[in-house]
$ cat final32.cif   # mmCIF, C-alpha atoms and all ligand atoms
data_upload
loop_
_atom_site.group_PDB
_atom_site.id
_atom_site.type_symbol
_atom_site.label_atom_id
_atom_site.label_comp_id
_atom_site.auth_asym_id
_atom_site.auth_seq_id
_atom_site.Cartn_x
_atom_site.Cartn_y
_atom_site.Cartn_z
ATOM 1 C CA MET W 13 -16.347 50.529 78.646
ATOM 2 C CA ALA W 14 -13.787 51.557 76.063
ATOM 3 C CA ALA W 15 -15.139 52.509 72.650
ATOM 4 C CA ASP W 16 -14.584 49.957 69.901
ATOM 5 C CA GLU W 17 -11.767 51.341 67.733
ATOM 6 C CA ARG W 18 -12.396 49.094 64.752
ATOM 7 C CA THR W 19 -14.263 50.534 61.773
ATOM 8 C CA PRO W 20 -17.868 49.366 61.222
ATOM 9 C CA ALA W 21 -16.638 47.296 58.260
ATOM 10 C CA GLU W 22 -14.058 45.585 60.452
ATOM 11 C CA ARG W 23 -16.798 44.786 62.962
ATOM 12 C CA THR W 24 -19.078 43.210 60.369
ATOM 13 C CA PRO W 25 -18.615 39.447 59.877
ATOM 14 C CA PRO W 26 -18.595 37.989 56.333
ATOM 15 C CA GLY W 27 -21.975 37.867 54.606
ATOM 16 C CA GLN W 28 -23.609 40.330 57.040
ATOM 17 C CA ILE W 29 -25.351 43.657 56.297
ATOM 18 C CA LEU W 30 -25.576 46.426 58.909
ATOM 19 C CA THR W 31 -28.954 47.634 60.101
ATOM 20 C CA ARG W 32 -29.776 50.570 62.362
ATOM 21 C CA ASP W 33 -33.130 49.347 63.511
ATOM 22 C CA TRP W 34 -33.506 46.171 65.517
ATOM 23 C CA PRO W 35 -35.521 43.447 63.770
ATOM 24 C CA VAL W 36 -37.742 41.158 65.849
ATOM 25 C CA LEU W 37 -37.252 37.481 65.009
ATOM 26 C CA HIS W 38 -38.548 34.359 66.676
ATOM 27 C CA TYR W 39 -40.414 31.147 66.105
ATOM 28 C CA GLY W 40 -44.016 31.050 67.349
ATOM 29 C CA ASN W 41 -45.809 33.645 69.470
ATOM 30 C CA VAL W 42 -44.569 36.141 72.028
ATOM 31 C CA PRO W 43 -45.315 34.392 75.337
ATOM 32 C CA LYS W 44 -47.508 35.987 77.984
ATOM 33 C CA VAL W 45 -45.359 36.400 81.084
ATOM 34 C CA ASN W 46 -46.825 36.970 84.528
ATOM 35 C CA ILE W 47 -43.948 38.768 86.217
ATOM 36 C CA ALA W 48 -45.280 38.008 89.730
ATOM 37 C CA ASN W 49 -44.893 34.270 89.096
ATOM 38 C CA TRP W 50 -41.646 34.508 87.145
ATOM 39 C CA ARG W 51 -39.041 31.941 88.191
ATOM 40 C CA PHE W 52 -35.701 30.825 86.775
ATOM 41 C CA GLN W 53 -34.787 27.163 87.091
ATOM 42 C CA ILE W 54 -31.255 25.742 87.171
ATOM 43 C CA TYR W 55 -30.982 21.967 86.807
ATOM 44 C CA GLY W 56 -29.165 19.076 85.139
ATOM 45 C CA VAL W 57 -25.643 18.034 86.158
ATOM 46 C CA VAL W 58 -25.448 20.325 89.200
ATOM 47 C CA ALA W 59 -25.021 19.381 92.873
ATOM 48 C CA ASP W 60 -28.111 21.438 93.849
ATOM 49 C CA GLU W 61 -30.968 22.480 91.621
ATOM 50 C CA LEU W 62 -31.950 26.124 92.082
ATOM 51 C CA MET W 63 -35.126 28.096 91.597
ATOM 52 C CA LEU W 64 -34.389 31.829 91.407
ATOM 53 C CA THR W 65 -36.870 34.679 91.711
ATOM 54 C CA ARG W 66 -36.510 38.032 90.046
ATOM 55 C CA GLU W 67 -35.344 39.443 93.398
ATOM 56 C CA ASP W 68 -32.548 36.839 93.481
ATOM 57 C CA PHE W 69 -31.338 38.181 90.114
ATOM 58 C CA MET W 70 -31.654 41.786 91.306
ATOM 59 C CA LYS W 71 -29.323 41.043 94.231
ATOM 60 C CA LEU W 72 -26.507 39.934 91.910
ATOM 61 C CA PRO W 73 -23.878 42.386 90.628
ATOM 62 C CA ARG W 74 -25.232 44.422 87.708
ATOM 63 C CA SER W 75 -23.210 44.882 84.501
ATOM 64 C CA LYS W 76 -23.484 46.760 81.215
ATOM 65 C CA VAL W 77 -22.107 45.251 78.037
ATOM 66 C CA ARG W 78 -21.625 47.118 74.783
ATOM 67 C CA CYS W 79 -21.679 44.690 71.876
ATOM 68 C CA ASP W 80 -22.551 43.966 68.263
ATOM 69 C CA ILE W 81 -25.191 41.382 67.367
ATOM 70 C CA HIS W 82 -25.189 39.194 64.267
ATOM 71 C CA CYS W 83 -28.243 37.294 63.068
ATOM 72 C CA VAL W 84 -27.825 34.277 60.823
ATOM 73 C CA THR W 85 -30.411 35.850 58.459
ATOM 74 C CA HIS W 86 -27.592 38.324 57.511
ATOM 75 C CA TRP W 87 -28.350 41.430 59.584
ATOM 76 C CA SER W 88 -25.905 42.832 62.117
ATOM 77 C CA ARG W 89 -26.504 45.675 64.552
ATOM 78 C CA LEU W 90 -23.537 47.480 66.098
ATOM 79 C CA ASP W 91 -23.272 49.194 69.506
ATOM 80 C CA ASN W 92 -25.991 47.690 71.634
ATOM 81 C CA GLU W 93 -25.772 48.341 75.342
ATOM 82 C CA PHE W 94 -27.320 45.481 77.282
ATOM 83 C CA GLU W 95 -27.702 45.591 81.049
ATOM 84 C CA GLY W 96 -28.236 42.735 83.464
ATOM 85 C CA VAL W 97 -26.213 40.035 85.191
ATOM 86 C CA LEU W 98 -23.113 38.397 83.714
ATOM 87 C CA LEU W 99 -23.359 34.629 83.359
ATOM 88 C CA LYS W 100 -20.089 34.264 85.205
ATOM 89 C CA ASP W 101 -21.567 36.176 88.175
ATOM 90 C CA LEU W 102 -24.657 33.974 88.242
ATOM 91 C CA LEU W 103 -22.493 30.861 87.968
ATOM 92 C CA GLN W 104 -21.007 31.732 91.371
ATOM 93 C CA LEU W 105 -24.324 30.552 92.843
ATOM 94 C CA VAL W 106 -24.292 27.199 91.059
ATOM 95 C CA LYS W 107 -22.438 24.075 92.158
ATOM 96 C CA VAL W 108 -21.761 22.691 88.699
ATOM 97 C CA LYS W 109 -20.635 19.060 88.582
ATOM 98 C CA PRO W 110 -17.251 18.504 86.899
ATOM 99 C CA GLU W 111 -18.776 16.518 84.032
ATOM 100 C CA ALA W 112 -20.913 19.490 82.901
ATOM 101 C CA ARG W 113 -19.619 20.762 79.549
ATOM 102 C CA TYR W 114 -22.700 22.145 77.782
ATOM 103 C CA VAL W 115 -25.725 24.216 78.671
ATOM 104 C CA MET W 116 -29.234 24.288 77.234
ATOM 105 C CA PHE W 117 -31.153 27.522 77.696
ATOM 106 C CA HIS W 118 -34.899 27.019 77.781
ATOM 107 C CA ALA W 119 -37.432 29.721 76.967
ATOM 108 C CA ALA W 120 -41.119 30.181 77.750
ATOM 109 C CA GLY W 121 -43.098 28.290 75.119
ATOM 110 C CA GLY W 122 -40.584 25.454 74.798
ATOM 111 C CA TRP W 123 -37.917 26.945 72.507
ATOM 112 C CA ASN W 124 -34.301 26.145 73.450
ATOM 113 C CA THR W 125 -30.692 26.538 72.364
ATOM 114 C CA ASN W 126 -27.449 24.759 73.323
ATOM 115 C CA LEU W 127 -23.981 26.202 73.987
ATOM 116 C CA PRO W 128 -20.645 25.041 75.419
ATOM 117 C CA LEU W 129 -20.361 25.963 79.105
ATOM 118 C CA ALA W 130 -16.921 27.524 78.467
ATOM 119 C CA ASP W 131 -18.510 30.144 76.185
ATOM 120 C CA LEU W 132 -20.641 31.430 79.044
ATOM 121 C CA MET W 133 -17.540 32.478 80.980
ATOM 122 C CA HIS W 134 -16.723 35.259 78.468
ATOM 123 C CA ASP W 135 -16.810 38.754 80.028
ATOM 124 C CA ASP W 136 -19.628 39.931 77.759
ATOM 125 C CA VAL W 137 -22.168 37.108 78.094
ATOM 126 C CA LEU W 138 -25.139 38.157 80.181
ATOM 127 C CA PHE W 139 -28.733 37.786 81.248
ATOM 128 C CA ALA W 140 -30.230 41.082 80.104
ATOM 129 C CA TRP W 141 -33.461 42.932 80.763
ATOM 130 C CA ARG W 142 -32.391 46.393 79.602
ATOM 131 C CA TRP W 143 -31.169 47.647 76.219
ATOM 132 C CA ASN W 144 -29.871 51.153 75.419
ATOM 133 C CA GLY W 145 -31.169 52.575 78.697
ATOM 134 C CA GLN W 146 -34.705 51.152 78.636
ATOM 135 C CA ASP W 147 -36.383 47.907 79.598
ATOM 136 C CA LEU W 148 -36.320 45.353 76.799
ATOM 137 C CA SER W 149 -39.601 45.197 74.926
ATOM 138 C CA VAL W 150 -41.520 41.944 75.302
ATOM 139 C CA GLU W 151 -40.852 41.230 71.608
ATOM 140 C CA HIS W 152 -37.102 41.370 72.295
ATOM 141 C CA GLY W 153 -37.313 39.023 75.267
ATOM 142 C CA TRP W 154 -38.440 40.864 78.422
ATOM 143 C CA PRO W 155 -38.387 39.991 81.304
ATOM 144 C CA MET W 156 -35.079 38.213 80.630
ATOM 145 C CA ARG W 157 -32.978 37.125 77.698
ATOM 146 C CA THR W 158 -29.476 35.857 77.292
ATOM 147 C CA VAL W 159 -27.009 37.779 75.126
ATOM 148 C CA VAL W 160 -24.023 35.877 73.718
ATOM 149 C CA PRO W 161 -22.385 38.441 71.431
ATOM 150 C CA HIS W 162 -19.679 36.224 69.944
ATOM 151 C CA LEU W 163 -22.155 33.729 68.437
ATOM 152 C CA TYR W 164 -25.000 34.156 65.947
ATOM 153 C CA PHE W 165 -27.964 35.760 67.659
ATOM 154 C CA TRP W 166 -30.133 32.632 67.624
ATOM 155 C CA LYS W 167 -27.901 31.468 70.514
ATOM 156 C CA SER W 168 -29.311 34.364 72.608
ATOM 157 C CA ALA W 169 -32.551 33.078 74.134
ATOM 158 C CA LYS W 170 -35.468 35.480 74.607
ATOM 159 C CA TRP W 171 -37.894 34.862 77.523
ATOM 160 C CA VAL W 172 -35.296 32.562 79.035
ATOM 161 C CA ASN W 173 -36.586 30.762 82.125
ATOM 162 C CA ALA W 174 -34.291 27.783 82.677
ATOM 163 C CA MET W 175 -30.711 26.696 82.305
ATOM 164 C CA GLU W 176 -29.891 22.999 82.042
ATOM 165 C CA PHE W 177 -26.318 21.791 82.563
ATOM 166 C CA MET W 178 -25.384 18.807 80.385
ATOM 167 C CA ALA W 179 -22.475 16.382 80.170
ATOM 168 C CA GLU W 180 -23.044 15.783 76.444
ATOM 169 C CA ASP W 181 -24.091 18.255 73.761
ATOM 170 C CA ARG W 182 -27.649 18.063 72.452
ATOM 171 C CA PRO W 183 -29.221 20.177 69.682
ATOM 172 C CA GLY W 184 -31.704 22.912 70.577
ATOM 173 C CA PHE W 185 -34.614 24.092 68.440
ATOM 174 C CA TRP W 186 -32.825 25.663 65.470
ATOM 175 C CA GLU W 187 -29.905 23.289 65.808
ATOM 176 C CA GLN W 188 -32.324 20.389 65.194
ATOM 177 C CA ASN W 189 -33.523 22.253 62.140
ATOM 178 C CA GLY W 190 -30.177 22.412 60.370
ATOM 179 C CA TYR W 191 -28.409 25.269 62.150
ATOM 180 C CA HIS W 192 -24.829 24.866 63.240
ATOM 181 C CA PRO W 193 -24.131 23.437 66.729
ATOM 182 C CA TYR W 194 -21.768 26.330 67.591
ATOM 183 C CA GLY W 195 -22.603 29.278 65.295
ATOM 184 C CA ASP W 196 -19.496 31.475 65.068
ATOM 185 C CA PRO W 197 -20.375 34.415 62.765
ATOM 186 C CA TRP W 198 -16.707 35.107 61.932
ATOM 187 C CA ARG W 199 -16.399 31.583 60.505
ATOM 188 C CA GLU W 200 -19.890 31.739 58.942
ATOM 189 C CA GLN W 201 -21.080 28.681 60.846
ATOM 190 C CA ARG W 202 -24.670 29.109 59.717
ATOM 191 C CA PHE W 203 -25.843 25.628 58.838
ATOM 192 C CA SER W 204 -24.536 22.171 59.472
ATOM 193 C CA ASP W 205 -25.016 18.493 58.879
ATOM 194 C CA GLU W 206 -22.830 17.745 61.884
ATOM 195 C CA TRP W 207 -25.520 16.344 64.154
HETATM 196 N N1 LIG V 301 -37.297 32.158 72.956
HETATM 197 C C1 LIG V 301 -36.754 32.411 71.755
HETATM 198 N N2 LIG V 301 -35.570 33.041 71.702
HETATM 199 C C2 LIG V 301 -35.013 33.300 70.499
HETATM 200 C C3 LIG V 301 -35.640 32.906 69.292
HETATM 201 C C4 LIG V 301 -36.892 32.237 69.382
HETATM 202 O O1 LIG V 301 -37.502 31.833 68.380
HETATM 203 N N3 LIG V 301 -37.420 32.013 70.635
HETATM 204 N N4 LIG V 301 -35.045 33.191 68.095
HETATM 205 C C5 LIG V 301 -33.609 33.496 68.082
HETATM 206 C C6 LIG V 301 -33.214 34.136 66.861
HETATM 207 S S1 LIG V 301 -33.195 33.161 65.465
HETATM 208 C C7 LIG V 301 -32.767 35.430 66.811
HETATM 209 S S2 LIG V 301 -32.078 36.098 65.421
HETATM 210 C C8 LIG V 301 -32.883 36.318 67.988
HETATM 211 C C9 LIG V 301 -33.648 37.563 67.614
HETATM 212 O O2 LIG V 301 -33.776 38.427 68.706
HETATM 213 P P1 LIG V 301 -34.514 39.795 68.497
HETATM 214 O O3 LIG V 301 -35.923 39.485 68.059
HETATM 215 O O4 LIG V 301 -34.449 40.499 69.799
HETATM 216 O O5 LIG V 301 -33.774 40.519 67.397
HETATM 217 O O6 LIG V 301 -33.554 35.680 69.065
HETATM 218 C C10 LIG V 301 -33.187 34.351 69.265
HETATM 219 N N5 LIG V 301 -33.806 33.920 70.484
HETATM 220 MO MO MO V 302 -31.996 34.395 63.836
#

$ encode --input "final32.cif" --output "structure tokens"
Amino acid sequence: MAADERTPAERTPPGQILTRDWPVLHYGNVPKVNIANWRFQIYGVVADELMLTREDFMKLPRSKVRCDIHCVTHWSRLDNEFEGVLLKDLLQLVKVKPEARYVMFHAAGGWNTNLPLADLMHDDVLFAWRWNGQDLSVEHGWPMRTVVPHLYFWKSAKWVNAMEFMAEDRPGFWEQNGYHPYGDPWREQRFSDEW
């Protein structure tokens, strides 16, 4: 991966402040995950629903992504190295129906977040279980989280356990609570009355 040649200021979206530590932020409690029973469900507008085990994920090509993360609560953290499986590699396994245009990621405990399917095809969008050379801590989403660097960090689901393909967009947890449907940090799409 080539080093980012922009200055830290150039990499910081409007209204954001850089932090060196990594804050933990979520609604509700950290779920208890029994790794032996862990499964990942793929459903919705797909030709075949899938139930993946951790071993299924481990067999997929492994990638590292270096990226900056931007939380809507105004902190940004530069140069995170996440490791896992790119969404576009996982999508090779899925027979998505042509009408699918959006995805809802579901997390243990019932939290969810919606994104356009097209955004998942970016080269740096991944399912991650490692960060800066170590396993993610449970607080940061182990055993699996999504990382979508180009959107505000609430679009990156911790403890993700299902992916639902949808023909129409539908608001997830924070999106129902006034957050923007898309959440581009460079356009400061923090809140919205669009729904
Ligand atoms: N399952 C789940 N994922 C979640 C959230 C949550 O409440 N539950 N919060 C989101 C928000 S608002 C942010 S800013 C990031 C924070 O991730 P971090 O705690 O690893 O910094 O997780 C996102 N993913
Ligand atoms: Mo957030």

$ atom_distance --input "final32.cif" --atom1 "atom CA of Trp123 of chain W" --atom2 "atom CA of Asn173 of chain W"
10.4 Å

$ residues_near_point --input "final32.cif" --point "(-21.8, 18.1, 88.4)" --cutoff "8 Å" --atoms "all atoms listed in the file" --output "ChimeraX atom specification"
/W:57-59,107-112

$ residues_near_ligand --input "final32.cif" --ligand "ligand MO 302 (chain V)" --cutoff "8 Å" --atoms "all atoms listed in the file" --output "PyMOL selection string"
chain W and resi 37-38+83-85+164-166

$ residues_around --input "final32.cif" --residues "segment 17-33 of chain W" --least-positions-apart "5" --cutoff "6 Å" --atoms "only C-alpha atoms" --output "ChimeraX atom specification"
/W:86-89,198

$ residues_around --input "final32.cif" --residues "Leu132 of chain W" --least-positions-apart "6" --cutoff "9 Å" --atoms "all atoms listed in the file" --output "list in words"
Leu98, Leu99, Lys100, Val115, Leu138 and Val160 of chain W

$ residues_around --input "final32.cif" --residues "segment 116-119 of chain W" --least-positions-apart "2" --cutoff "6 Å" --atoms "all atoms listed in the file" --output "list of chain:residue names"
W:Gly122, W:Trp123, W:Asn124, W:Thr125, W:Asn126, W:Trp171, W:Val172, W:Asn173, W:Ala174, W:Met175, W:Glu176

$ axis_aligned_box --input "final32.cif" --around "segment 106-114 of chain W" --padding-each-side "3 Å" --output "AutoDock Vina command-line options"
--center_x -20.8 --center_y 21.9 --center_z 85.0 --size_x 13.0 --size_y 16.7 --size_z 20.4

$ atom_distance --input "final32.cif" --atom1 "atom CA of Glu180 of chain W" --atom2 "atom CA of Trp141 of chain W"
29.4 Å

$ resolve_selection --input "final32.cif" --expression "the PyMOL selection byres (((chain W and resi 195) around 10) and not hetatm)" --output "MDAnalysis selection string"
chainID W and resid 84 127 162:167 187 191:194 196:204

$ write_last_selection --input "final32.cif" --atoms "C-alpha atoms" --output "PDB file, in the coordinates of the input"
ATOM      1  CA  VAL W  84     -27.825  34.277  60.823  1.00  0.00           C
ATOM      2  CA  LEU W 127     -23.981  26.202  73.987  1.00  0.00           C
ATOM      3  CA  HIS W 162     -19.679  36.224  69.944  1.00  0.00           C
ATOM      4  CA  LEU W 163     -22.155  33.729  68.437  1.00  0.00           C
ATOM      5  CA  TYR W 164     -25.000  34.156  65.947  1.00  0.00           C
ATOM      6  CA  PHE W 165     -27.964  35.760  67.659  1.00  0.00           C
ATOM      7  CA  TRP W 166     -30.133  32.632  67.624  1.00  0.00           C
ATOM      8  CA  LYS W 167     -27.901  31.468  70.514  1.00  0.00           C
ATOM      9  CA  GLU W 187     -29.905  23.289  65.808  1.00  0.00           C
ATOM     10  CA  TYR W 191     -28.409  25.269  62.150  1.00  0.00           C
ATOM     11  CA  HIS W 192     -24.829  24.866  63.240  1.00  0.00           C
ATOM     12  CA  PRO W 193     -24.131  23.437  66.729  1.00  0.00           C
ATOM     13  CA  TYR W 194     -21.768  26.330  67.591  1.00  0.00           C
ATOM     14  CA  ASP W 196     -19.496  31.475  65.068  1.00  0.00           C
ATOM     15  CA  PRO W 197     -20.375  34.415  62.765  1.00  0.00           C
ATOM     16  CA  TRP W 198     -16.707  35.107  61.932  1.00  0.00           C
ATOM     17  CA  ARG W 199     -16.399  31.583  60.505  1.00  0.00           C
ATOM     18  CA  GLU W 200     -19.890  31.739  58.942  1.00  0.00           C
ATOM     19  CA  GLN W 201     -21.080  28.681  60.846  1.00  0.00           C
ATOM     20  CA  ARG W 202     -24.670  29.109  59.717  1.00  0.00           C
ATOM     21  CA  PHE W 203     -25.843  25.628  58.838  1.00  0.00           C
ATOM     22  CA  SER W 204     -24.536  22.171  59.472  1.00  0.00           C
TER      23      SER W 204
END

$ atom_distance --input "final32.cif" --atom1 "atom CA of Asn189 of chain W" --atom2 "atom CA of Phe52 of chain W"
26.2 Å

$ residues_around --input "final32.cif" --residues "segment 39-48 of chain W" --least-positions-apart "3" --cutoff "10 Å" --atoms "only C-alpha atoms" --output "PyMOL selection string"
chain W and resi 51+65-66+119-123+150-155+170-171+185-186

$ closest_residue --input "final32.cif" --among "W:Arg113, W:Asn49, W:Ser168, W:Glu93" --to "ligand LIG 301 (chain V)" --atoms "all atoms listed in the file"
W:Ser168
